[in-house]
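Pasted below: input-v7.tsv, TSV, C-alpha atoms and all ligand atoms.
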```
chain	number	residue	atom	x	y	z
A	7	MET	CA	47.98	30.77	-40.13
A	8	LEU	CA	49.85	32.39	-37.26
A	9	HIS	CA	53.59	33.08	-37.56
A	10	LEU	CA	55.55	33.47	-34.35
A	11	ARG	CA	59.21	34.36	-34.12
A	12	ASN	CA	60.76	31.67	-31.93
A	13	THR	CA	63.94	32.99	-30.37
A	14	CYS	CA	66.37	31.62	-27.81
A	15	LYS	CA	69.75	33.30	-27.24
A	16	GLN	CA	71.41	33.62	-30.67
A	17	GLU	CA	69.02	31.25	-32.44
A	18	SER	CA	65.86	32.48	-34.10
A	19	TYR	CA	63.39	30.59	-36.26
A	20	LEU	CA	59.97	31.21	-37.67
A	21	LEU	CA	57.25	29.04	-36.16
A	22	SER	CA	54.01	28.62	-38.15
A	23	LEU	CA	50.79	27.39	-36.62
A	24	THR	CA	47.96	26.38	-38.95
A	25	MET	CA	44.62	24.79	-38.14
A	26	LYS	CA	43.90	22.17	-40.80
A	27	PRO	CA	40.79	19.95	-40.94
A	28	GLU	CA	42.97	17.05	-39.76
A	29	GLY	CA	44.36	19.03	-36.82
A	30	LEU	CA	46.96	21.56	-35.79
A	31	GLN	CA	49.97	21.78	-38.10
A	32	VAL	CA	53.15	23.26	-36.67
A	33	THR	CA	56.25	23.92	-38.76
A	34	CYS	CA	59.63	25.49	-38.13
A	35	ASP	CA	61.93	27.01	-40.75
A	36	CYS	CA	65.13	25.48	-39.35
A	37	SER	CA	67.02	22.87	-41.38
A	38	ASP	CA	66.84	20.07	-38.81
A	39	ASN	CA	65.20	17.21	-40.72
A	40	SER	CA	66.36	14.42	-38.39
A	41	LYS	CA	62.91	14.05	-36.71
A	42	PRO	CA	59.31	15.01	-37.57
A	43	TYR	CA	59.29	17.80	-34.97
A	44	CYS	CA	62.43	19.73	-34.15
A	45	ASP	CA	63.36	20.84	-30.63
A	46	HIS	CA	62.22	24.39	-31.42
A	47	ILE	CA	58.68	23.18	-32.00
A	48	TYR	CA	58.62	21.19	-28.77
A	49	GLY	CA	60.04	24.14	-26.87
A	50	ALA	CA	57.58	26.60	-28.40
A	51	LEU	CA	54.53	24.39	-27.76
A	52	GLN	CA	55.60	23.80	-24.17
A	53	THR	CA	55.88	27.55	-23.62
A	54	LEU	CA	52.59	28.29	-25.39
A	55	ILE	CA	50.63	25.66	-23.46
A	56	GLY	CA	52.35	26.49	-20.18
A	57	THR	CA	51.60	30.19	-20.45
A	58	LEU	CA	48.41	30.50	-22.50
A	59	GLY	CA	46.79	27.14	-21.82
A	60	GLU	CA	45.59	24.32	-24.04
A	61	SER	CA	42.47	26.23	-25.00
A	62	TYR	CA	44.74	28.69	-26.82
A	63	PHE	CA	44.73	26.54	-29.94
A	64	LYS	CA	40.97	26.95	-30.33
A	65	LYS	CA	41.68	30.61	-31.00
A	66	LEU	CA	43.67	29.58	-34.07
A	67	LEU	CA	40.67	27.96	-35.77
A	68	PRO	CA	39.41	29.54	-39.01
A	69	GLU	CA	37.25	32.51	-37.95
A	70	GLY	CA	38.51	32.03	-34.43
A	71	ALA	CA	39.64	34.80	-32.09
A	72	ILE	CA	43.09	35.34	-33.65
A	73	GLN	CA	41.80	35.71	-37.18
A	74	LEU	CA	38.97	38.01	-36.08
A	75	ALA	CA	41.34	40.08	-33.95
A	76	PHE	CA	43.34	40.99	-37.06
A	77	LYS	CA	40.16	41.65	-39.02
A	78	HIS	CA	38.21	43.65	-36.40
A	79	ARG	CA	40.97	45.40	-34.47
A	80	LEU	CA	38.63	47.57	-32.39
A	81	CYS	CA	36.82	44.56	-30.93
A	82	PHE	CA	39.84	42.79	-29.47
A	83	ASP	CA	42.78	43.40	-27.17
A	84	LYS	CA	46.10	41.91	-28.26
A	85	MET	CA	48.57	40.79	-25.63
A	86	GLU	CA	52.10	40.12	-26.79
A	87	SER	CA	54.48	38.38	-24.45
A	88	SER	CA	57.58	36.24	-24.67
A	89	ALA	CA	55.25	33.22	-24.95
A	90	GLY	CA	53.60	34.53	-28.09
A	91	LEU	CA	50.51	36.42	-29.09
A	92	ASP	CA	47.24	36.15	-27.23
A	93	VAL	CA	43.99	37.98	-27.94
A	94	SER	CA	40.79	38.54	-26.02
A	95	VAL	CA	37.47	40.12	-26.89
A	96	ARG	CA	36.97	43.58	-25.40
A	97	GLU	CA	34.95	43.44	-22.22
A	98	GLU	CA	32.12	45.64	-23.50
A	99	LEU	CA	31.16	42.98	-26.05
A	100	GLN	CA	30.28	40.66	-23.14
A	101	THR	CA	29.65	37.05	-24.09
A	102	VAL	CA	30.64	36.27	-27.67
A	103	PHE	CA	28.98	33.46	-29.56
A	104	TRP	CA	31.33	30.71	-30.74
A	105	LEU	CA	34.37	32.22	-29.02
A	106	ASP	CA	32.95	31.81	-25.53
A	107	ASN	CA	32.74	28.36	-23.96
A	108	LEU	CA	29.79	29.38	-21.82
A	109	ILE	CA	27.50	29.32	-24.82
A	110	VAL	CA	28.94	26.13	-26.27
A	111	VAL	CA	27.71	23.96	-23.39
A	112	THR	CA	24.19	25.32	-23.57
A	113	ASP	CA	21.33	22.89	-23.90
A	114	LEU	CA	18.86	25.34	-25.34
A	115	SER	CA	16.23	22.79	-26.33
A	116	ALA	CA	15.89	21.60	-22.71
A	117	MET	CA	15.13	25.16	-21.67
A	118	LEU	CA	12.75	25.82	-24.54
A	119	ASN	CA	10.88	22.58	-23.86
A	120	LEU	CA	10.04	23.63	-20.30
A	121	PRO	CA	6.35	24.34	-19.67
A	122	ALA	CA	5.36	27.68	-21.13
A	123	ASP	CA	1.98	27.96	-19.47
A	124	GLY	CA	1.40	29.80	-16.25
A	125	PRO	CA	0.44	27.55	-13.35
A	126	LYS	CA	-2.97	27.95	-11.82
A	127	SER	CA	-3.34	29.47	-8.41
A	128	ALA	CA	-3.63	26.55	-6.02
A	129	LYS	CA	-5.86	28.08	-3.37
A	130	PRO	CA	-8.81	30.44	-3.53
A	131	PHE	CA	-7.67	33.85	-2.56
A	132	ILE	CA	-8.74	35.15	0.86
A	133	ALA	CA	-9.36	38.87	0.88
A	134	GLN	CA	-7.31	40.74	3.40
A	135	GLU	CA	-9.16	42.23	6.34
A	136	ASP	CA	-7.58	45.43	7.54
A	137	LYS	CA	-5.46	45.26	10.65
A	138	LYS	CA	-3.59	48.47	11.17
A	139	PRO	CA	-0.21	48.01	12.80
A	140	GLY	CA	0.23	49.42	16.23
A	141	GLU	CA	3.64	49.81	17.75
A	142	ASP	CA	4.47	46.40	16.27
A	143	GLY	CA	3.56	45.12	12.84
A	144	ILE	CA	3.93	42.13	10.56
A	145	CYS	CA	6.07	42.27	7.46
A	146	TYR	CA	7.31	39.76	4.90
A	147	LEU	CA	10.91	39.23	3.89
A	148	TRP	CA	11.62	38.03	0.38
A	149	ILE	CA	14.89	36.31	1.21
A	150	VAL	CA	17.40	36.80	-1.59
A	151	PRO	CA	20.33	34.41	-1.38
A	152	TYR	CA	23.86	35.64	-1.80
A	153	ARG	CA	25.10	34.54	-5.24
A	154	ASN	CA	22.10	32.30	-5.76
A	155	ARG	CA	23.44	29.75	-3.31
A	156	PHE	CA	19.91	28.64	-2.49
A	157	GLN	CA	16.39	29.27	-3.70
A	158	PRO	CA	14.70	32.48	-2.53
A	159	PHE	CA	11.87	32.07	-0.05
A	160	VAL	CA	9.53	34.24	2.01
A	161	LEU	CA	9.51	34.65	5.77
A	162	PRO	CA	6.94	36.42	7.91
A	163	CYS	CA	8.60	38.65	10.47
A	164	ALA	CA	7.43	40.92	13.27
A	165	GLY	CA	8.96	44.32	13.73
A	166	LYS	CA	8.74	47.66	15.46
A	167	MET	CA	7.03	50.24	13.27
A	168	ASN	CA	8.12	53.84	12.83
A	169	LYS	CA	5.86	56.57	14.25
A	170	ALA	CA	4.11	57.25	10.95
A	171	GLN	CA	3.60	53.50	10.59
A	172	THR	CA	4.97	53.60	7.07
A	173	GLU	CA	7.85	51.23	7.59
A	174	VAL	CA	9.49	48.77	9.93
A	175	LYS	CA	12.07	50.55	12.07
A	176	GLN	CA	13.54	47.46	13.61
A	177	PHE	CA	13.05	43.78	12.86
A	178	TYR	CA	12.58	41.23	15.59
A	179	GLY	CA	13.96	37.70	15.03
A	180	PHE	CA	13.64	36.11	11.61
A	181	LEU	CA	10.82	33.81	12.65
A	182	SER	CA	9.34	36.19	15.24
A	183	ALA	CA	5.98	36.42	13.51
A	184	LEU	CA	5.31	32.89	14.70
A	185	GLN	CA	6.07	33.61	18.33
A	186	GLN	CA	3.45	34.06	21.01
A	187	PRO	CA	3.63	37.83	21.65
A	188	TYR	CA	3.13	38.68	17.98
A	189	ASP	CA	0.62	35.96	17.18
A	190	SER	CA	-2.28	38.30	17.69
A	191	LEU	CA	-0.96	40.68	15.04
A	192	LEU	CA	-1.65	38.16	12.29
A	193	THR	CA	-4.81	38.38	10.24
A	194	GLU	CA	-6.53	35.24	9.10
A	195	ALA	CA	-5.21	35.80	5.59
A	196	GLN	CA	-1.69	36.17	6.95
A	197	GLN	CA	-1.98	32.90	8.86
A	198	GLU	CA	-2.88	31.23	5.56
A	199	LEU	CA	-0.07	33.04	3.80
A	200	ASN	CA	2.42	31.85	6.42
A	201	LYS	CA	1.42	28.23	5.79
A	202	THR	CA	2.09	28.69	2.08
A	203	CYS	CA	5.43	30.36	2.88
A	204	PHE	CA	6.61	27.37	4.89
A	205	ALA	CA	5.34	24.74	2.47
A	206	HIS	CA	7.17	26.57	-0.30
A	207	TRP	CA	10.33	26.90	1.76
A	208	GLN	CA	10.35	23.16	2.55
A	209	LEU	CA	10.31	22.31	-1.14
A	210	ALA	CA	12.72	25.12	-2.11
A	211	GLU	CA	15.30	23.78	0.35
A	212	THR	CA	15.56	20.55	-1.66
A	213	LEU	CA	16.44	22.36	-4.89
A	214	PRO	CA	19.65	23.94	-6.17
A	215	GLY	CA	19.99	27.71	-5.98
A	216	ARG	CA	19.75	28.14	-9.70
A	217	LEU	CA	17.21	26.87	-12.17
A	218	ILE	CA	19.87	27.15	-14.90
A	219	LYS	CA	23.59	26.71	-14.51
A	220	GLU	CA	26.05	26.82	-17.39
A	221	GLY	CA	23.20	26.56	-19.83
A	222	LEU	CA	21.74	23.42	-18.28
A	223	VAL	CA	18.44	22.91	-16.46
A	224	GLN	CA	19.28	21.88	-12.90
A	225	CYS	CA	17.38	18.71	-11.88
A	226	GLN	CA	13.94	17.63	-13.01
A	227	THR	CA	11.12	19.80	-14.23
A	228	HIS	CA	8.38	18.72	-11.85
A	229	PRO	CA	9.66	20.27	-8.58
A	230	TRP	CA	10.44	23.51	-10.40
A	231	PHE	CA	6.92	23.61	-11.71
A	232	GLU	CA	5.63	23.09	-8.20
A	233	ILE	CA	7.86	25.89	-6.88
A	234	LEU	CA	6.48	28.22	-9.50
A	235	ASN	CA	2.98	27.18	-8.46
A	236	TYR	CA	3.75	28.19	-4.90
A	237	TRP	CA	5.17	31.50	-6.03
A	238	ARG	CA	2.06	32.20	-8.02
A	239	SER	CA	-0.12	31.84	-4.96
A	240	LEU	CA	2.41	33.66	-2.74
A	241	ILE	CA	2.71	36.60	-5.06
A	242	GLU	CA	-1.03	37.25	-5.04
A	243	GLN	CA	-1.09	37.27	-1.27
A	244	LEU	CA	2.13	39.26	-0.91
A	245	SER	CA	0.80	41.93	-3.25
A	246	GLN	CA	-1.85	42.61	-0.56
A	247	GLN	CA	0.72	43.11	2.20
A	248	ALA	CA	1.64	46.58	3.33
A	249	PHE	CA	5.22	45.75	4.30
A	250	VAL	CA	7.39	43.57	2.09
A	251	TYR	CA	11.18	43.74	2.09
A	252	ALA	CA	13.85	42.20	-0.12
A	253	TYR	CA	16.45	40.83	2.24
A	254	PHE	CA	19.97	39.73	1.29
A	255	LEU	CA	21.02	36.67	3.22
A	256	HIS	CA	24.46	35.06	3.12
A	257	ARG	CA	23.83	31.86	4.99
A	258	VAL	CA	20.72	30.02	6.08
A	259	ASP	CA	22.08	29.43	9.59
A	260	GLN	CA	21.85	33.18	10.20
A	261	LEU	CA	18.10	32.67	10.46
A	262	LYS	CA	18.54	30.90	13.78
A	263	LYS	CA	21.20	33.09	15.37
A	264	ASP	CA	20.59	36.49	13.89
A	265	LYS	CA	17.97	39.18	13.60
A	266	PRO	CA	17.30	40.78	10.22
A	267	HIS	CA	19.51	43.86	9.82
A	268	LYS	CA	17.72	46.97	8.67
A	269	GLN	CA	20.48	47.94	6.22
A	270	ARG	CA	20.17	44.67	4.31
A	271	ALA	CA	16.43	45.07	3.81
A	272	THR	CA	14.91	47.09	0.99
A	273	GLY	CA	11.23	47.93	0.97
A	274	ILE	CA	9.62	46.55	-2.19
A	275	PHE	CA	6.25	46.42	-3.91
A	276	VAL	CA	4.94	43.11	-5.13
A	277	SER	CA	3.04	43.22	-8.41
A	278	THR	CA	0.74	40.59	-9.90
A	279	ASP	CA	1.52	41.85	-13.41
A	280	VAL	CA	3.27	39.21	-15.47
A	281	PRO	CA	6.30	40.35	-17.49
A	282	VAL	CA	6.43	39.38	-21.17
A	283	VAL	CA	9.76	38.20	-22.54
A	284	THR	CA	10.85	39.01	-26.11
A	285	PHE	CA	14.26	39.31	-27.78
A	286	SER	CA	16.01	41.81	-29.99
A	287	LEU	CA	18.78	41.39	-32.52
A	288	THR	CA	20.68	44.59	-33.25
A	289	ASP	CA	23.01	45.03	-36.18
A	290	MET	CA	26.10	46.81	-34.83
A	291	GLY	CA	28.19	46.75	-38.02
A	292	VAL	CA	30.69	43.93	-37.77
A	293	TYR	CA	28.63	42.06	-35.20
A	294	TYR	CA	25.10	41.61	-33.91
A	295	GLN	CA	23.92	41.87	-30.33
A	296	PHE	CA	21.18	39.60	-29.09
A	297	ARG	CA	19.43	40.44	-25.84
A	298	PRO	CA	16.19	39.73	-24.00
A	299	GLU	CA	13.61	42.45	-23.54
A	300	ILE	CA	11.10	42.68	-20.71
A	301	TRP	CA	7.67	44.18	-21.17
A	302	ILE	CA	5.38	45.06	-18.29
A	303	ASN	CA	1.88	46.28	-19.11
A	304	ARG	CA	2.94	46.68	-22.75
A	305	GLU	CA	5.79	48.97	-21.83
A	306	ARG	CA	9.37	48.01	-22.35
A	307	VAL	CA	11.35	48.05	-19.13
A	308	GLN	CA	14.81	49.51	-19.62
A	309	GLU	CA	16.53	48.56	-16.42
A	310	TYR	CA	15.73	45.41	-14.59
A	311	GLU	CA	17.37	42.69	-12.51
A	312	ALA	CA	16.85	39.05	-13.38
A	313	ASP	CA	19.52	37.26	-11.38
A	314	THR	CA	17.06	35.49	-9.07
A	315	SER	CA	15.25	32.45	-10.46
A	316	PHE	CA	11.64	33.23	-11.48
A	317	PHE	CA	11.70	36.99	-10.84
A	318	VAL	CA	12.28	40.31	-12.48
A	319	THR	CA	12.73	43.38	-10.32
A	320	HIS	CA	12.27	46.85	-11.68
A	321	LYS	CA	12.08	50.11	-9.71
A	322	ASN	CA	11.74	48.32	-6.36
A	323	THR	CA	8.88	46.23	-7.66
A	324	LEU	CA	8.94	42.45	-7.77
A	325	TYR	CA	7.36	40.65	-10.72
A	326	LEU	CA	6.95	36.91	-11.06
A	327	LEU	CA	7.68	35.50	-14.51
A	328	GLY	CA	4.84	33.76	-16.27
A	329	SER	CA	6.36	30.36	-16.97
A	330	LEU	CA	9.25	28.03	-16.26
A	331	ARG	CA	10.45	28.55	-19.80
A	332	ASP	CA	10.62	32.32	-19.38
A	333	ALA	CA	12.41	31.88	-16.05
A	334	ALA	CA	14.96	29.49	-17.55
A	335	ILE	CA	15.71	31.47	-20.67
A	336	LEU	CA	16.05	34.71	-18.74
A	337	GLN	CA	18.34	33.19	-16.12
A	338	TRP	CA	20.49	31.70	-18.88
A	339	MET	CA	20.79	35.10	-20.58
A	340	ASP	CA	21.47	36.77	-17.24
A	341	GLN	CA	24.41	34.42	-16.70
A	342	LEU	CA	25.74	35.53	-20.09
A	343	GLU	CA	25.65	39.13	-18.78
A	344	GLY	CA	22.37	39.75	-20.59
A	345	VAL	CA	23.75	39.93	-24.11
A	346	ILE	CA	25.25	37.65	-26.74
A	347	THR	CA	27.56	39.26	-29.27
A	348	VAL	CA	27.67	37.50	-32.63
A	349	PHE	CA	30.33	38.33	-35.19
A	350	LYS	CA	28.84	38.22	-38.66
A	351	GLU	CA	31.29	35.46	-39.56
A	352	HIS	CA	29.50	33.25	-37.01
A	353	PHE	CA	25.96	34.37	-37.73
A	354	ALA	CA	24.91	31.33	-39.76
A	355	ALA	CA	25.89	29.03	-36.88
A	356	PHE	CA	24.20	31.31	-34.36
A	357	GLU	CA	21.03	31.40	-36.40
A	358	GLN	CA	20.89	27.64	-36.59
A	359	THR	CA	21.72	26.81	-32.98
A	360	ILE	CA	20.19	29.68	-31.01
A	361	LEU	CA	18.16	32.17	-33.01
A	362	ALA	CA	15.91	29.79	-34.95
A	363	PRO	CA	14.95	27.68	-31.89
A	364	ILE	CA	14.21	30.82	-29.85
A	365	ARG	CA	12.17	32.30	-32.70
A	366	GLN	CA	9.87	29.29	-32.55
A	367	HIS	CA	8.76	30.36	-29.08
A	368	TYR	CA	9.51	34.07	-28.73
A	369	THR	CA	9.16	37.26	-30.70
A	370	VAL	CA	12.53	38.48	-31.97
A	371	THR	CA	12.71	42.02	-33.33
A	372	THR	CA	15.59	43.10	-35.51
A	373	ASN	CA	17.01	46.59	-35.66
A	374	LYS	CA	20.06	48.51	-36.71
A	375	THR	CA	22.19	51.11	-34.96
A	376	ASN	CA	23.41	54.09	-36.91
A	401	ZN	ZN	63.28	24.00	-35.74
```

Same coordinates, now as structure tokens:
Amino acid sequence: MLHLRNTCKQESYLLSLTMKPEGLQVTCDCSDNSKPYCDHIYGALQTLIGTLGESYFKKLLPEGAIQLAFKHRLCFDKMESSAGLDVSVREELQTVFWLDNLIVVTDLSAMLNLPADGPKSAKPFIAQEDKKPGEDGICYLWIVPYRNRFQPFVLPCAGKMNKAQTEVKQFYGFLSALQQPYDSLLTEAQQELNKTCFAHWQLAETLPGRLIKEGLVQCQTHPWFEILNYWRSLIEQLSQQAFVYAYFLHRVDQLKKDKPHKQRATGIFVSTDVPVVTFSLTDMGVYYQFRPEIWINRERVQEYEADTSFFVTHKNTLYLLGSLRDAAILQWMDQLEGVITVFKEHFAAFEQTILAPIRQHYTVTTNKTN
């Protein structure tokens, strides 16, 4: 129950808000019995809803944010205003199970039912014959969309090499590798690779930027599986390329008008190692923290980026995830800032709705902080 002092000019009454199984109960300690709800209640609810929003009342539920804020003072910020009392979870706890709507809408079973097997490489791999760059060379841009607005894709691009021929000094147009003067720079393997790049891009264009959004799988499974298939064959061929850059692109129409800017390109390595996804549950005292862990060659990777569908990047190296399921579950967790905080009061519900289903498919280790 939450008591609020409801004051206007000289009048002051005590307003009590209680969440009962049948709904919200609001009472006032004034002596006006002429109607079921006195004017003070109407006035107070109008102010509460107007200022704190309708979702405020969810915080009054048993074991909701208000109750927990009084119980675990260090985990919450309290904001008192003339409208009443509001609370919010401290930012460092990130996404909190049960209190955060982002997790409520999650369709976890749809993600966990995605194919877990790695697709087979579609084409036999053509070994790369050596063609040393001269003044000009061929590189590949892994186009990373701004805020996941579209699917990433790969573009071949010609550029002017530095003297030591260790990097591209200046990029020519986005699609320059396909133009006459640079045609001769392409090896046979690169010509094959370029075909795969464009076939992939054509399919990628028809799909939303994110595999997962608000906990839901975006569109049907089949095209995603096909995209992953393309990536599998691209990644093998890209790992053989001397010059690959991650390139941040805001809008697709820049490809026609613009040239790649050097400062938006980061030289990367492409690895054919497949990251392994596991989870950990850490007992932090009054709450648990649940987070994914990435393992590459049996070593746990401490810092990684997973905001692009299908990929993990670590120390300037690009790794393709092994399955659609891994890609989905990791993107979902990434959108929850990479960690779910679970107050012990909500653990039973968390275990039933999230932990147990994940445990059926992934290793979950438990540990305790001191
Ligand atoms: Zn009243």

List the neighbours of Gln100 in chain A out to 10 Å using all atoms listed in the file; skip same-chain residues closer than 6 positions along the sequence, and give me the result as a compact mmCIF listing (two decimals) with C-alpha atoms, keeping the file's coordinate frame.
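Written file, result.txt:
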```
# COMPACT_ATOMS: atom_id res chain seq x y z
CA ASP A 106 32.95 31.81 -25.53
CA GLN A 295 23.92 41.87 -30.33
CA LEU A 342 25.74 35.53 -20.09
CA GLU A 343 25.65 39.13 -18.78
CA GLY A 344 22.37 39.75 -20.59
CA VAL A 345 23.75 39.93 -24.11
CA ILE A 346 25.25 37.65 -26.74
CA THR A 347 27.56 39.26 -29.27
```

Margin query: Nearest residue to ligand ZN 401 (chain A) out of A:His46, A:Lys374, A:Arg216, A:Lys15, using all atoms listed in the file?
Written below: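 Of all the options, A:His46 lies closest to ligand ZN 401 (chain A).
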
Check: Which one of A:His9, A:Tyr48, A:Ser315, A:Gln16 sits closest to ligand ZN 401 (chain A) if you count all atoms listed in the file?
Finding: A:Tyr48

Check: Can I get the residues close to ligand ZN 401 (chain A) as a PyMOL selection string, where close means within 12 Å and we count all atoms listed in the file?
Finding: chain A and resi 11-14+17-22+32-51

Kindly provide, as lines of an AutoDock Vina configuration file, the centre and edge lengths (Å, one decimal) of an axis-aligned box around all atoms of range 154-162 of chain A given in the file, with 5 Å on each side.
```
center_x = 15.2
center_y = 32.5
center_z = 1.1
size_x = 26.5
size_y = 17.8
size_z = 23.7
```

Margin query: Show me, as a list in words, the residues that have an atom within 10 Å of Leu67 in chain A when counting all atoms listed in the file, minus same-chain residues fewer than 3 positions from it.
Written below: Met7, Thr24, Met25, Lys26, Pro27, Gly29, Leu30, Tyr62, Phe63, Lys64, Gly70, Ala71, Ile72 and Gln73 of chain A

Margin query: Quick one: residues within 7 Å of Ala312 in chain A, all atoms listed in the file, excluding same-chain residues fewer than 5 positions away - as a VMD selection string?
Written below: chain A and resid 317 to 319 336 to 337 340

Check: Could you name the residues that touch Lys219 in chain A at 10 Å or less, counting all atoms listed in the file, but leaving out those on the same chain fewer than 2 positions away, as a ChimeraX atom specification?
Finding: /A:108,112,214-217,221-224,334,337-338,341

Generate a file of the selected residues that holds C-alpha atoms, formatted as a PDB file, keeping the file's coordinate frame.
```
ATOM      1  CA  LEU A 108      29.790  29.380 -21.820  1.00  0.00           C
ATOM      2  CA  THR A 112      24.190  25.320 -23.570  1.00  0.00           C
ATOM      3  CA  PRO A 214      19.650  23.940  -6.170  1.00  0.00           C
ATOM      4  CA  GLY A 215      19.990  27.710  -5.980  1.00  0.00           C
ATOM      5  CA  ARG A 216      19.750  28.140  -9.700  1.00  0.00           C
ATOM      6  CA  LEU A 217      17.210  26.870 -12.170  1.00  0.00           C
ATOM      7  CA  GLY A 221      23.200  26.560 -19.830  1.00  0.00           C
ATOM      8  CA  LEU A 222      21.740  23.420 -18.280  1.00  0.00           C
ATOM      9  CA  VAL A 223      18.440  22.910 -16.460  1.00  0.00           C
ATOM     10  CA  GLN A 224      19.280  21.880 -12.900  1.00  0.00           C
ATOM     11  CA  ALA A 334      14.960  29.490 -17.550  1.00  0.00           C
ATOM     12  CA  GLN A 337      18.340  33.190 -16.120  1.00  0.00           C
ATOM     13  CA  TRP A 338      20.490  31.700 -18.880  1.00  0.00           C
ATOM     14  CA  GLN A 341      24.410  34.420 -16.700  1.00  0.00           C
TER      15      GLN A 341
END
```

Next item on the list: Find the distance between CA of Phe82 in chain A and CA of Trp104 in chain A and write it in Å to one decimal.
Entry: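 Going from CA of Phe82 in chain A over to CA of Trp104 in chain A covers 14.8 Å.
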
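Among the candidate residues A:Asp123, A:Glu220, A:Glu351, A:Glu173, the one lying nearest to Val250 in chain A is A:Glu173, with distances computed using only C-alpha atoms.
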
Margin query: Measuring between all atoms listed in the file, which one of A:Thr272, A:Thr101, A:Asn373, A:Ser88 shows the shortest distance to Asp289 in chain A?
Written below: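 Using all atoms listed in the file, Asp289 in chain A sits closest to A:Asn373.
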
Notebook entry, point to check: What is the distance between CA of Glu69 in chain A and CA of Asp92 in chain A, in Å to one decimal?
Noted result: 15.1 Å

Item checked: Spatial sel., origin (10.5, 42.5, -25.0), limit 10 Å, all atoms listed in the file, listed as a VMD selection string -> chain A and resid 281 to 286 297 to 302 304 to 308 368 to 371

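Take CA of Cys225 in chain A and CA of Ile109 in chain A: the distance between them is 19.6 Å.
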
Next item on the list: Go through A:Met339, A:Leu361, A:Arg331, A:Thr372 and flag the residue nearest Met117 in chain A, using all atoms listed in the file for the distances.
Entry: A:Arg331
